[in-house]
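Peer 1: Following this message is one structure expressed as C-alpha cells.
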Amino acid sequence: MEPIRREDSDELFEAVVSQDSVMRWLATGRADSRSAARAMCDDHVAHWSRHGYGDFAVRDAATRAFLGRVGLRNRPRYGVDIGFAVHPRTQGRGIAAEAGAACLDLAFRRLSLPAVFAFVLPGNTASTAVLRRLGAQEDGTVRSSGLRCLRYRFDPATTGATVTARATATAGPAGAEHLLDDGGNDGRTDLQLIHAQGPGSPDDRAALHDGLPDPFGVDGLGLVWADRQHTLTAVSGGRPVASAGWLLRDMAFDGSRRRTAGLGGVLVHPAQRGRGIARTLISVAVEHARAAGAETMVLLCRPELVPLCTRLGWSRLAVPVTFQQPDGVRTSPLTTMVFDLTGLPLPTVSVDLRGLPF
C-alpha cells in the first residue's frame, strides 16, 4: 500500500475507471476516460497534501500489479469515510478487507480518529459484506453526490481490536507507516496521535516550547486564555513533537446560540516543522469536534497559520469577534477562522465567544 501518485493514473484507469462493474457502485458515477483517471489521481494527491492521509494504491506484493485503491477520505460535511475499488479479477480474494483493515488501523491506532464512516449504494452486497466483516454497524442513510446511500459506522471501541488483528495478520502496518508525506521522501514515520481529556501534560508542553519564551507569539497581547478541555498530541520516537487543543462552548453568531468548538494551542516543535504535522492535527481535531456535536469550529489564528487553515477549508471572518477578560469584554486582535460542520451560514454582524479566548 502506497499513497496514490499522479503517475498511477494509467493503472487506475485500467483497474478501476474503465471497469463498469466497479464504477457503477461508486457514488461519483461512471467514468471511462484516462483524463478522468488523471483528475482522480490529482484529487487524491491534493487530499494527502491537505490532511496527511488519504487513498492508497494497493499492489500485489510479489508482482507489483496495481490491484485497486483503498483509503480514507475526509469529507467536510460528513467526516472521514473509508472507500475501496478493486479490479474485478481481484474481487473475492479478500484484498479490500485486508487493505481496509490496514486503513482502519491507521485511523484508530495511529490517527486517533473518533469514528470512520462508509457510504454504500443500495444493492452493493459485496461491499456491504466487506464492511460487516471489518466490524461496521448500520448508521442510517445519507445523500452523497446526489444519490441515496446506506451509511455504516466504525467506532474504535468496537472495531479496533478486530481491525488491528486483521491488519497485523494480513496487510501488516504498511498503511499506518505512510501517515505523512515528508516533502517528497518516502513518507514513513512512527508518528502517532494521542487524544486525551484536559489541557495536556505540563512536561509535554515544556518539551514542545523547547525553551522559547513566547512559542505562540501572543504574550505581548496581555490576554488570559482558557484551558483546553481536550488535547491531541503527536508523538514520534517516544517524544511529543506537536499538539493542539480544543474546548466546547455555546457561542453567539449574529446573536444566535451555536454549539462551537474552539481550537487553540496548535504548536509544532521547531525541529519538526515543515513535515505537515499541523495539518493532520487540525484535520483530526475537527473530526473530534464533529463527533462531540459541534456545529462550527473557531480558531483565533496567528498570521502564519492563515494560509494553512485556508487550504484545509477554513474561512476567514470579516466581522468583530469579542471575548471575556478579567477586566471586561475585548475585541480579538487576532484573525478569526471558522470551519463549518453543519451547513450553517457565516456570521454577517458579530461573534461573541462567551468566555475566555482559547
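If you're wondering about the labels, chains in the C-alpha cells are A, B, ... by order shown, residues count from 1 in each chain, ligands from 1 in order shown.
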Could you go through region 63-252 of chain A and tell me which residues DSSP, when run on the backbone, assigns to strand (DSSP E or B), listing them as number ranges by chain?

Peer 2: A: 66-75, 79-86, 116-120, 137-144, 147-154, 192-197, 230-236, 239-252

Peer 1: Can you list, as number ranges by chain, every protein, DNA or RNA residue that comes within 12 Å of Met297 (chain A) when you count only C-alpha atoms, leaving out same-chain residues fewer than 3 positions away?

Peer 2: A: 76, 246-251, 253, 258-264, 282-283, 285-290, 292-294, 300, 309, 313-316, 336-342, 344, 346, 353, 358

Peer 1: If you measure from CA of Gly135 (chain A) to CA of Ser112 (chain A), what distance in Å do you get, rounded to one decimal?

Peer 2: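 These atoms are spaced 17.1 Å apart.
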
Peer 1: Considering only C-alpha atoms, return as a list in words whatever protein or nucleic-acid residues lie within 8 Å of Gly255 (chain A), sequence-local ones (same chain, fewer than 4 positions apart) excluded.

Peer 2: Ser350, Val351 and Asp352 of chain A

Peer 1: Take the selection from the previous step and output its residues with all heavy atoms, as a compact mmCIF listing (two decimals), in the first residue's frame.

Peer 2:
# COMPACT_ATOMS: atom_id res chain seq x y z
N SER A 350 -21.54 39.83 13.93
CA SER A 350 -20.58 39.70 15.02
C SER A 350 -20.55 38.28 15.54
O SER A 350 -21.46 37.48 15.28
CB SER A 350 -20.94 40.65 16.17
OG SER A 350 -22.18 40.25 16.76
N VAL A 351 -19.48 37.98 16.29
CA VAL A 351 -19.35 36.71 17.01
C VAL A 351 -18.92 37.03 18.43
O VAL A 351 -17.99 37.83 18.64
CB VAL A 351 -18.33 35.78 16.33
CG1 VAL A 351 -18.05 34.56 17.21
CG2 VAL A 351 -18.81 35.34 14.96
N ASP A 352 -19.58 36.39 19.40
CA ASP A 352 -19.22 36.54 20.81
C ASP A 352 -18.81 35.15 21.29
O ASP A 352 -19.63 34.22 21.31
CB ASP A 352 -20.39 37.07 21.62
CG ASP A 352 -20.05 37.31 23.10
OD1 ASP A 352 -18.90 36.98 23.49
OD2 ASP A 352 -20.92 37.79 23.85

Peer 1: For CA of Gly245 (chain A) and CA of Pro345 (chain A), quote the distance in Å rounded to one decimal.

Peer 2: 24.7 Å

Peer 1: Between CA of Ala129 (chain A) and CA of Trp25 (chain A), what distance in Å does the model show, to one decimal?

Peer 2: 14.1 Å

Peer 1: Hey, what's within 10 Å of Gly238 (chain A) if we count only C-alpha atoms and toss same-chain stuff fewer than 6 positions away? As a list in words, please?

Peer 2: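 Close residues of Gly238 (chain A): Asp190, Leu191 and Gln192 of chain A.
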
Peer 1: Create the file for the chosen residues now, containing N, CA, C and O atoms and written as a compact mmCIF listing (two decimals), in the first residue's frame.

Peer 2:
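Wrote again31.txt, looks like this:
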# COMPACT_ATOMS: atom_id res chain seq x y z
N ASP A 190 7.05 7.13 12.41
CA ASP A 190 6.40 6.44 13.53
C ASP A 190 5.43 7.36 14.24
O ASP A 190 5.02 7.09 15.37
N LEU A 191 5.04 8.45 13.60
CA LEU A 191 4.17 9.43 14.22
C LEU A 191 2.85 8.80 14.66
O LEU A 191 2.23 8.04 13.92
N GLN A 192 2.43 9.13 15.88
CA GLN A 192 1.15 8.67 16.41
C GLN A 192 0.47 9.82 17.12
O GLN A 192 1.11 10.60 17.84

Peer 1: Tell me, as a PyMOL selection string, which residues lie within 12 Å of Asp210 (chain A), counting only C-alpha atoms; anything in the same chain fewer than 3 positions away does not count.

Peer 2: chain A and resi 203-207+213-215+240-242+267-272

Peer 1: Using only all heavy atoms, please write the residues we just selected to a file, as a tab-separated table (two decimals), in the first residue's frame.

Peer 2:
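Result file follows (part_1.tsv):
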chain	number	residue	atom	x	y	z
A	203	ASP	N	4.76	18.59	31.21
A	203	ASP	CA	6.05	18.16	30.67
A	203	ASP	C	6.04	18.17	29.15
A	203	ASP	O	7.03	18.57	28.50
A	203	ASP	CB	6.40	16.76	31.18
A	203	ASP	CG	6.73	16.74	32.66
A	203	ASP	OD1	7.04	17.81	33.21
A	203	ASP	OD2	6.65	15.66	33.27
A	204	ASP	N	4.92	17.72	28.56
A	204	ASP	CA	4.81	17.74	27.09
A	204	ASP	C	4.85	19.18	26.57
A	204	ASP	O	5.51	19.48	25.57
A	204	ASP	CB	3.52	17.06	26.64
A	204	ASP	CG	3.58	15.54	26.78
A	204	ASP	OD1	4.67	15.02	27.08
A	204	ASP	OD2	2.54	14.89	26.58
A	205	ARG	N	4.12	20.06	27.25
A	205	ARG	CA	4.12	21.46	26.81
A	205	ARG	C	5.50	22.06	26.90
A	205	ARG	O	5.94	22.79	26.00
A	205	ARG	CB	3.13	22.27	27.65
A	205	ARG	CG	1.67	21.93	27.39
A	205	ARG	CD	0.74	23.02	27.89
A	205	ARG	NE	0.86	23.22	29.33
A	205	ARG	CZ	0.15	22.56	30.23
A	205	ARG	NH1	-0.73	21.63	29.83
A	205	ARG	NH2	0.29	22.81	31.52
A	206	ALA	N	6.22	21.76	27.98
A	206	ALA	CA	7.58	22.30	28.12
A	206	ALA	C	8.49	21.77	27.03
A	206	ALA	O	9.33	22.51	26.49
A	206	ALA	CB	8.14	21.93	29.50
A	207	ALA	N	8.33	20.49	26.68
A	207	ALA	CA	9.17	19.91	25.62
A	207	ALA	C	8.89	20.57	24.28
A	207	ALA	O	9.81	20.83	23.49
A	207	ALA	CB	8.94	18.40	25.54
A	213	PRO	N	10.52	31.60	24.78
A	213	PRO	CA	9.76	32.37	25.78
A	213	PRO	C	8.32	32.65	25.36
A	213	PRO	O	7.45	32.82	26.20
A	213	PRO	CB	10.57	33.67	25.90
A	213	PRO	CG	11.30	33.79	24.59
A	213	PRO	CD	11.61	32.38	24.18
A	214	ASP	N	8.05	32.69	24.06
A	214	ASP	CA	6.70	33.02	23.58
A	214	ASP	C	6.42	32.18	22.33
A	214	ASP	O	6.35	32.70	21.21
A	214	ASP	CB	6.61	34.52	23.26
A	214	ASP	CG	5.21	34.94	22.84
A	214	ASP	OD1	4.26	34.16	23.05
A	214	ASP	OD2	5.08	36.06	22.29
A	215	PRO	N	6.22	30.85	22.49
A	215	PRO	CA	6.10	29.97	21.33
A	215	PRO	C	4.89	30.27	20.44
A	215	PRO	O	4.92	29.99	19.25
A	215	PRO	CB	5.99	28.57	21.95
A	215	PRO	CG	5.47	28.83	23.34
A	215	PRO	CD	6.09	30.12	23.76
A	240	PRO	N	6.91	13.97	22.45
A	240	PRO	CA	5.91	14.83	21.81
A	240	PRO	C	6.57	15.75	20.80
A	240	PRO	O	7.62	16.34	21.06
A	240	PRO	CB	5.34	15.63	22.99
A	240	PRO	CG	6.43	15.65	24.02
A	240	PRO	CD	7.13	14.32	23.88
A	241	VAL	N	5.95	15.86	19.61
A	241	VAL	CA	6.50	16.71	18.56
A	241	VAL	C	5.52	17.81	18.15
A	241	VAL	O	5.91	18.76	17.48
A	241	VAL	CB	6.92	15.90	17.33
A	241	VAL	CG1	8.06	14.95	17.67
A	241	VAL	CG2	5.74	15.13	16.75
A	242	ALA	N	4.26	17.69	18.57
A	242	ALA	CA	3.26	18.71	18.23
A	242	ALA	C	2.02	18.48	19.09
A	242	ALA	O	1.81	17.39	19.63
A	242	ALA	CB	2.89	18.65	16.75
A	267	LEU	N	0.71	23.83	18.07
A	267	LEU	CA	2.15	24.08	18.21
A	267	LEU	C	2.93	22.87	17.72
A	267	LEU	O	2.63	21.74	18.10
A	267	LEU	CB	2.51	24.38	19.66
A	267	LEU	CG	3.97	24.73	19.95
A	267	LEU	CD1	4.36	26.03	19.27
A	267	LEU	CD2	4.20	24.83	21.46
A	268	VAL	N	3.94	23.10	16.89
A	268	VAL	CA	4.83	22.05	16.40
A	268	VAL	C	6.24	22.38	16.88
A	268	VAL	O	6.68	23.54	16.80
A	268	VAL	CB	4.80	21.96	14.86
A	268	VAL	CG1	5.76	20.88	14.37
A	268	VAL	CG2	3.38	21.68	14.38
A	269	HIS	N	6.95	21.40	17.41
A	269	HIS	CA	8.33	21.61	17.85
A	269	HIS	C	9.15	22.19	16.69
A	269	HIS	O	9.00	21.76	15.54
A	269	HIS	CB	8.93	20.28	18.31
A	269	HIS	CG	10.26	20.42	18.99
A	269	HIS	ND1	11.44	20.59	18.28
A	269	HIS	CD2	10.60	20.43	20.30
A	269	HIS	CE1	12.45	20.69	19.13
A	269	HIS	NE2	11.96	20.60	20.37
A	270	PRO	N	10.00	23.17	16.98
A	270	PRO	CA	10.77	23.81	15.90
A	270	PRO	C	11.51	22.83	14.99
A	270	PRO	O	11.60	23.06	13.78
A	270	PRO	CB	11.75	24.71	16.67
A	270	PRO	CG	11.04	25.03	17.94
A	270	PRO	CD	10.27	23.79	18.29
A	271	ALA	N	12.04	21.73	15.55
A	271	ALA	CA	12.79	20.78	14.74
A	271	ALA	C	11.90	19.93	13.84
A	271	ALA	O	12.40	19.24	12.94
A	271	ALA	CB	13.62	19.86	15.65
A	272	GLN	N	10.57	19.96	14.07
A	272	GLN	CA	9.66	19.11	13.32
A	272	GLN	C	8.81	19.89	12.32
A	272	GLN	O	7.96	19.30	11.65
A	272	GLN	CB	8.73	18.37	14.30
A	272	GLN	CG	9.44	17.52	15.32
A	272	GLN	CD	10.11	16.31	14.71
A	272	GLN	OE1	9.67	15.80	13.69
A	272	GLN	NE2	11.19	15.85	15.31
